[in-house]
$ cat work_15.txt   # compact mmCIF, C-alpha atoms and all ligand atoms
# COMPACT_ATOMS: atom_id res chain seq x y z
CA MET A 25 136.29 76.85 135.48
CA GLU A 26 133.38 77.95 137.64
CA ASP A 27 133.26 81.62 138.52
CA PRO A 28 134.76 81.94 142.06
CA THR A 29 131.88 84.09 143.30
CA ILE A 30 129.30 81.56 142.12
CA HIS A 31 131.42 78.84 143.70
CA GLU A 32 131.44 80.74 147.01
CA PHE A 33 127.69 81.36 146.82
CA LEU A 34 126.91 77.69 146.13
CA HIS A 35 129.18 76.72 149.00
CA ILE A 36 127.27 79.12 151.27
CA ILE A 37 124.00 77.43 150.25
CA ALA A 38 125.42 73.92 150.70
CA SER A 39 126.71 74.83 154.17
CA LEU A 40 123.34 76.00 155.50
CA PRO A 41 121.42 73.67 157.81
CA GLU A 42 117.87 72.60 157.02
CA PRO A 43 115.29 73.94 156.46
CA TYR A 44 117.28 76.88 155.09
CA LYS A 45 119.35 74.90 152.60
CA THR A 46 116.38 73.39 150.73
CA LYS A 47 114.58 76.73 150.66
CA VAL A 48 117.44 78.70 149.14
CA GLN A 49 118.34 75.82 146.83
CA THR A 50 114.75 75.94 145.52
CA MET A 51 115.06 79.69 144.88
CA TRP A 52 118.37 79.10 143.12
CA ASP A 53 116.87 76.30 140.98
CA ILE A 54 114.04 78.60 139.84
CA PHE A 55 115.78 81.98 139.62
CA GLY A 56 119.51 81.21 139.67
CA ASP A 57 120.12 81.68 135.93
CA ASP A 58 118.78 85.24 136.15
CA PHE A 59 120.20 85.93 139.61
CA GLN A 60 123.78 85.32 138.51
CA ILE A 61 123.70 87.74 135.56
CA MET A 62 121.80 90.67 137.13
CA PRO A 63 123.46 93.85 138.32
CA ALA A 64 122.77 94.78 141.95
CA SER A 65 121.80 98.27 140.92
CA ASN A 66 121.66 100.36 137.81
CA ARG A 67 123.64 103.18 139.39
CA PHE A 68 124.87 102.96 142.93
CA HIS A 69 126.59 99.68 143.72
CA SER A 70 127.80 96.61 141.82
CA ASN A 71 126.07 97.96 138.72
CA PHE A 72 127.52 95.37 136.33
CA PRO A 73 126.26 91.97 135.12
CA GLY A 74 126.76 89.55 137.99
CA GLY A 75 126.75 92.39 140.52
CA LEU A 76 123.73 91.06 142.38
CA LEU A 77 125.62 87.88 143.17
CA VAL A 78 128.74 89.83 144.18
CA HIS A 79 126.68 92.09 146.46
CA THR A 80 124.90 89.16 148.11
CA VAL A 81 128.17 87.36 148.78
CA TRP A 82 129.65 90.53 150.29
CA THR A 83 126.71 90.88 152.70
CA ILE A 84 127.31 87.31 153.89
CA ARG A 85 131.06 87.77 154.30
CA ILE A 86 130.33 90.80 156.48
CA ALA A 87 127.67 88.88 158.43
CA LYS A 88 130.15 86.12 159.29
CA PHE A 89 132.74 88.68 160.38
CA MET A 90 130.35 90.79 162.47
CA TYR A 91 128.43 87.95 164.11
CA LYS A 92 131.57 86.25 165.36
CA ARG A 93 132.76 89.49 166.94
CA PHE A 94 129.41 90.30 168.55
CA LYS A 95 129.30 86.81 170.01
CA ALA A 96 132.82 87.21 171.40
CA MET A 97 131.90 90.40 173.24
CA ASP A 98 131.91 90.00 176.96
CA SER A 99 128.65 91.88 177.34
CA ASP A 100 124.88 91.55 177.26
CA LEU A 101 124.93 92.24 173.54
CA GLY A 102 127.21 89.30 172.85
CA GLN A 103 125.07 86.95 174.92
CA GLY A 104 121.74 88.43 173.93
CA LEU A 105 121.61 87.88 170.21
CA ASP A 106 118.23 86.25 169.58
CA PHE A 107 119.05 84.75 166.18
CA LYS A 108 121.66 82.38 164.83
CA LEU A 109 124.16 83.28 162.13
CA ASP A 110 122.60 80.66 159.84
CA GLU A 111 119.25 82.44 159.99
CA ALA A 112 120.86 85.78 159.11
CA ILE A 113 122.72 84.17 156.18
CA PHE A 114 119.45 82.60 155.02
CA ILE A 115 117.80 86.04 154.98
CA LEU A 116 120.79 87.67 153.30
CA VAL A 117 120.80 85.08 150.51
CA LEU A 118 117.15 85.94 149.83
CA HIS A 119 117.02 89.65 150.59
CA ASP A 120 117.58 91.02 147.07
CA PHE A 121 116.17 88.24 144.88
CA GLY A 122 113.35 90.69 144.10
CA LYS A 123 115.83 92.71 142.06
CA ILE A 124 115.45 90.16 139.26
CA TYR A 125 111.81 91.15 138.77
CA GLU A 126 112.45 94.79 139.67
CA GLN A 127 114.84 95.05 136.72
CA THR A 128 112.97 92.92 134.20
CA ILE A 129 109.24 93.42 134.72
CA THR A 130 107.17 96.47 133.93
CA PRO A 131 105.53 98.37 135.42
CA TYR A 132 108.32 98.98 137.91
CA ARG A 133 107.95 97.76 141.45
CA ASP A 134 110.57 97.90 144.17
CA HIS A 135 112.39 94.63 144.88
CA VAL A 136 111.17 94.56 148.46
CA THR A 137 107.62 94.22 147.15
CA TRP A 138 108.57 91.53 144.59
CA ILE A 139 110.21 89.09 146.96
CA GLY A 140 106.91 87.94 148.47
CA GLU A 141 105.58 86.85 145.09
CA MET A 142 108.81 85.06 144.26
CA LEU A 143 108.76 83.16 147.55
CA ASN A 144 105.13 82.23 146.91
CA LYS A 145 106.00 80.96 143.44
CA ALA A 146 108.71 78.80 145.00
CA LYS A 147 106.27 77.72 147.76
CA ILE A 148 108.67 78.89 150.43
CA GLY A 149 107.35 79.90 153.83
CA LEU A 150 109.11 82.21 156.27
CA THR A 151 108.54 82.89 159.92
CA GLU A 152 107.09 86.27 160.78
CA LYS A 153 110.48 87.44 162.02
CA GLN A 154 112.24 86.31 158.83
CA ALA A 155 109.66 87.98 156.56
CA HIS A 156 109.97 91.14 158.63
CA ALA A 157 113.77 91.10 158.26
CA ILE A 158 113.50 90.91 154.47
CA LEU A 159 110.85 93.62 154.27
CA HIS A 160 112.93 95.88 156.52
CA HIS A 161 116.38 95.21 155.07
CA HIS A 162 116.70 98.84 154.01
CA GLY A 163 116.48 99.81 157.67
CA GLY A 164 114.71 102.52 159.58
CA TYR A 165 112.69 102.71 162.75
CA GLY A 166 109.09 101.66 162.61
CA VAL A 167 108.99 100.91 158.90
CA LYS A 168 105.37 100.22 157.92
CA GLY A 169 104.42 100.52 161.56
CA SER A 170 106.61 97.72 162.92
CA PRO A 171 109.81 98.35 164.86
CA PRO A 172 113.13 96.79 163.87
CA THR A 173 114.33 93.55 165.44
CA LYS A 174 117.91 92.51 166.13
CA LEU A 175 117.74 90.24 163.07
CA SER A 176 116.39 92.95 160.74
CA THR A 177 118.92 95.48 162.00
CA PHE A 178 121.78 93.02 161.57
CA VAL A 179 120.65 92.19 158.02
CA HIS A 180 120.27 95.87 157.22
CA THR A 181 123.71 96.69 158.59
CA CYS A 182 125.41 93.96 156.55
CA ASP A 183 123.52 95.14 153.45
CA ASN A 184 124.58 98.72 154.10
CA TRP A 185 128.25 97.91 154.66
CA ALA A 186 128.31 95.87 151.48
CA SER A 187 126.45 98.27 149.22
CA MET A 188 127.47 101.68 150.54
CA PHE A 189 130.98 101.03 151.85
CA LEU A 190 132.56 98.18 149.92
CA GLU A 191 130.83 98.32 146.55
CA THR A 192 130.20 101.99 145.98
CA VAL A 193 133.01 103.73 144.18
CA VAL A 194 132.86 107.41 145.02
FE FE A 201 117.63 95.80 148.80
FE FE A 202 121.13 94.36 149.28

$ encode --input "work_15.txt" --output "structure tokens" --more "lines below"
Ligand SMILES: [Fe+2]
Ligand SMILES: [Fe+2]
Amino acid sequence: MEDPTIHEFLHIIASLPEPYKTKVQTMWDIFGDDFQIMPASNRFHSNFPGGLLVHTVWTIRIAKFMYKRFKAMDSDLGQGLDFKLDEAIFILVLHDFGKIYEQTITPYRDHVTWIGEMLNKAKIGLTEKQAHAILHHHGGYGVKGSPPTKLSTFVHTCDNWASMFLETVV
């Protein structure tokens, strides 16, 4: 029987609209065998084989939960979101793919710097806002001179809730 987390992840990919679905399917076709056995971290969160997949799925579960509630808010915030949930899920699927190279290639480079090369290898283009959201998924104001966007902050927040709240055993 297929691992339930892999099943959920593949369902997430299959449920995305185009062009997101083809792009993440291409990444999965190239890197999926490694992606599904990697830990998310060697110390802090989901630090077991398959942890990277578990972490990624958690970020998307949180995204679905949070986005729905923001949208339901009777306020400017609820009406003013300038990205769709599908776009955030697309970014969250991709955001830590660089950890495959981070953990297997020497000399060490941070996964945020690896993702660009992996996307190039897969011939996948991103909009400026999407690339920014991946590069800034660890958060912060004015990282590398560019301020956060609503999309990058949302992605960062989902990543943080997953890694630091749900997955980290203190
Ligand atoms: Fe990360
Ligand atoms: Fe992450």

$ atom_distance --input "work_15.txt" --atom1 "atom CA of A:Trp138" --atom2 "atom CA of A:His162"
14.4 Å

$ atom_distance --input "work_15.txt" --atom1 "atom CA of A:Ala96" --atom2 "atom CA of A:Leu175"
17.5 Å

$ residues_around --input "work_15.txt" --residues "stretch 28-45 of chain A" --least-positions-apart "5" --cutoff "12 Å" --atoms "all atoms listed in the file" --output "PyMOL selection string"
chain A and resi 50-53+56-57+59-61+74-85+88+108-118+148-151+154

$ atom_distance --input "work_15.txt" --atom1 "atom CA of A:Lys168" --atom2 "atom CA of A:Ser187"
22.9 Å

$ closest_residue --input "work_15.txt" --among "A:Phe72, A:Glu26, A:Thr192, A:Thr177" --to "A:Tyr165" --atoms "all atoms listed in the file"
A:Thr177

$ closest_residue --input "work_15.txt" --among "A:Cys182, A:Met97, A:Leu159, A:Ala146" --to "A:Asp134" --atoms "only C-alpha atoms"
A:Leu159

$ closest_residue --input "work_15.txt" --among "A:Ile129, A:Ala157, A:Ala64, A:Met142" --to "A:Lys174" --atoms "all atoms listed in the file"
A:Ala157

$ closest_residue --input "work_15.txt" --among "A:Phe121, A:Tyr132, A:Phe189, A:Phe89" --to "ligand FE 202 (chain A)" --atoms "all atoms listed in the file"
A:Phe121

$ residues_near_ligand --input "work_15.txt" --ligand "ligand FE 201 (chain A)" --cutoff "7 Å" --atoms "only C-alpha atoms and all ligand atoms" --output "list in words"
His119, Asp120, His135, Val136, His161 and His162 of chain A

$ closest_residue --input "work_15.txt" --among "A:His160, A:Met62, A:Ile54, A:Lys153" --to "A:Phe107" --atoms "all atoms listed in the file"
A:Lys153

$ closest_residue --input "work_15.txt" --among "A:Asp27, A:Ser70, A:Tyr125, A:Arg93" --to "ligand FE 202 (chain A)" --atoms "only C-alpha atoms and all ligand atoms"
A:Ser70

$ decode --input "work_15.txt" --residues "stretch 66-79 of chain A" --atoms "N, CA and C atoms" --output "PDB file, in the first residue's frame"
ATOM      1  N   ASN A  66      18.701  17.837   9.784  1.00  0.00           N
ATOM      2  CA  ASN A  66      19.475  16.824  10.501  1.00  0.00           C
ATOM      3  C   ASN A  66      19.385  16.978  12.010  1.00  0.00           C
ATOM      4  N   ARG A  67      18.705  18.020  12.466  1.00  0.00           N
ATOM      5  CA  ARG A  67      18.563  18.188  13.916  1.00  0.00           C
ATOM      6  C   ARG A  67      17.175  18.633  14.355  1.00  0.00           C
ATOM      7  N   PHE A  68      16.652  19.694  13.738  1.00  0.00           N
ATOM      8  CA  PHE A  68      15.592  20.439  14.398  1.00  0.00           C
ATOM      9  C   PHE A  68      14.162  19.934  14.164  1.00  0.00           C
ATOM     10  N   HIS A  69      13.848  19.545  12.966  1.00  0.00           N
ATOM     11  CA  HIS A  69      12.445  19.151  12.727  1.00  0.00           C
ATOM     12  C   HIS A  69      12.374  18.069  11.662  1.00  0.00           C
ATOM     13  N   SER A  70      11.480  17.103  11.902  1.00  0.00           N
ATOM     14  CA  SER A  70      11.293  15.966  10.975  1.00  0.00           C
ATOM     15  C   SER A  70      12.647  15.450  10.467  1.00  0.00           C
ATOM     16  N   ASN A  71      13.491  15.104  11.432  1.00  0.00           N
ATOM     17  CA  ASN A  71      14.874  14.708  11.112  1.00  0.00           C
ATOM     18  C   ASN A  71      15.001  13.191  10.918  1.00  0.00           C
ATOM     19  N   PHE A  72      14.057  12.627  10.168  1.00  0.00           N
ATOM     20  CA  PHE A  72      14.063  11.186   9.893  1.00  0.00           C
ATOM     21  C   PHE A  72      13.861  10.985   8.385  1.00  0.00           C
ATOM     22  N   PRO A  73      14.243   9.825   7.863  1.00  0.00           N
ATOM     23  CA  PRO A  73      14.016   9.586   6.427  1.00  0.00           C
ATOM     24  C   PRO A  73      12.539   9.778   6.080  1.00  0.00           C
ATOM     25  N   GLY A  74      12.278  10.541   5.062  1.00  0.00           N
ATOM     26  CA  GLY A  74      10.891  10.860   4.705  1.00  0.00           C
ATOM     27  C   GLY A  74      10.382  12.133   5.356  1.00  0.00           C
ATOM     28  N   GLY A  75      11.195  12.724   6.226  1.00  0.00           N
ATOM     29  CA  GLY A  75      10.764  13.920   6.955  1.00  0.00           C
ATOM     30  C   GLY A  75      10.535  15.136   6.075  1.00  0.00           C
ATOM     31  N   LEU A  76      11.267  15.216   4.979  1.00  0.00           N
ATOM     32  CA  LEU A  76      11.087  16.365   4.082  1.00  0.00           C
ATOM     33  C   LEU A  76       9.686  16.358   3.472  1.00  0.00           C
ATOM     34  N   LEU A  77       9.236  15.170   3.123  1.00  0.00           N
ATOM     35  CA  LEU A  77       7.881  15.036   2.584  1.00  0.00           C
ATOM     36  C   LEU A  77       6.843  15.355   3.667  1.00  0.00           C
ATOM     37  N   VAL A  78       7.052  14.839   4.860  1.00  0.00           N
ATOM     38  CA  VAL A  78       6.129  15.100   5.974  1.00  0.00           C
ATOM     39  C   VAL A  78       6.048  16.606   6.249  1.00  0.00           C
ATOM     40  N   HIS A  79       7.210  17.252   6.314  1.00  0.00           N
ATOM     41  CA  HIS A  79       7.247  18.701   6.566  1.00  0.00           C
ATOM     42  C   HIS A  79       6.495  19.469   5.482  1.00  0.00           C
TER      43      HIS A  79
END
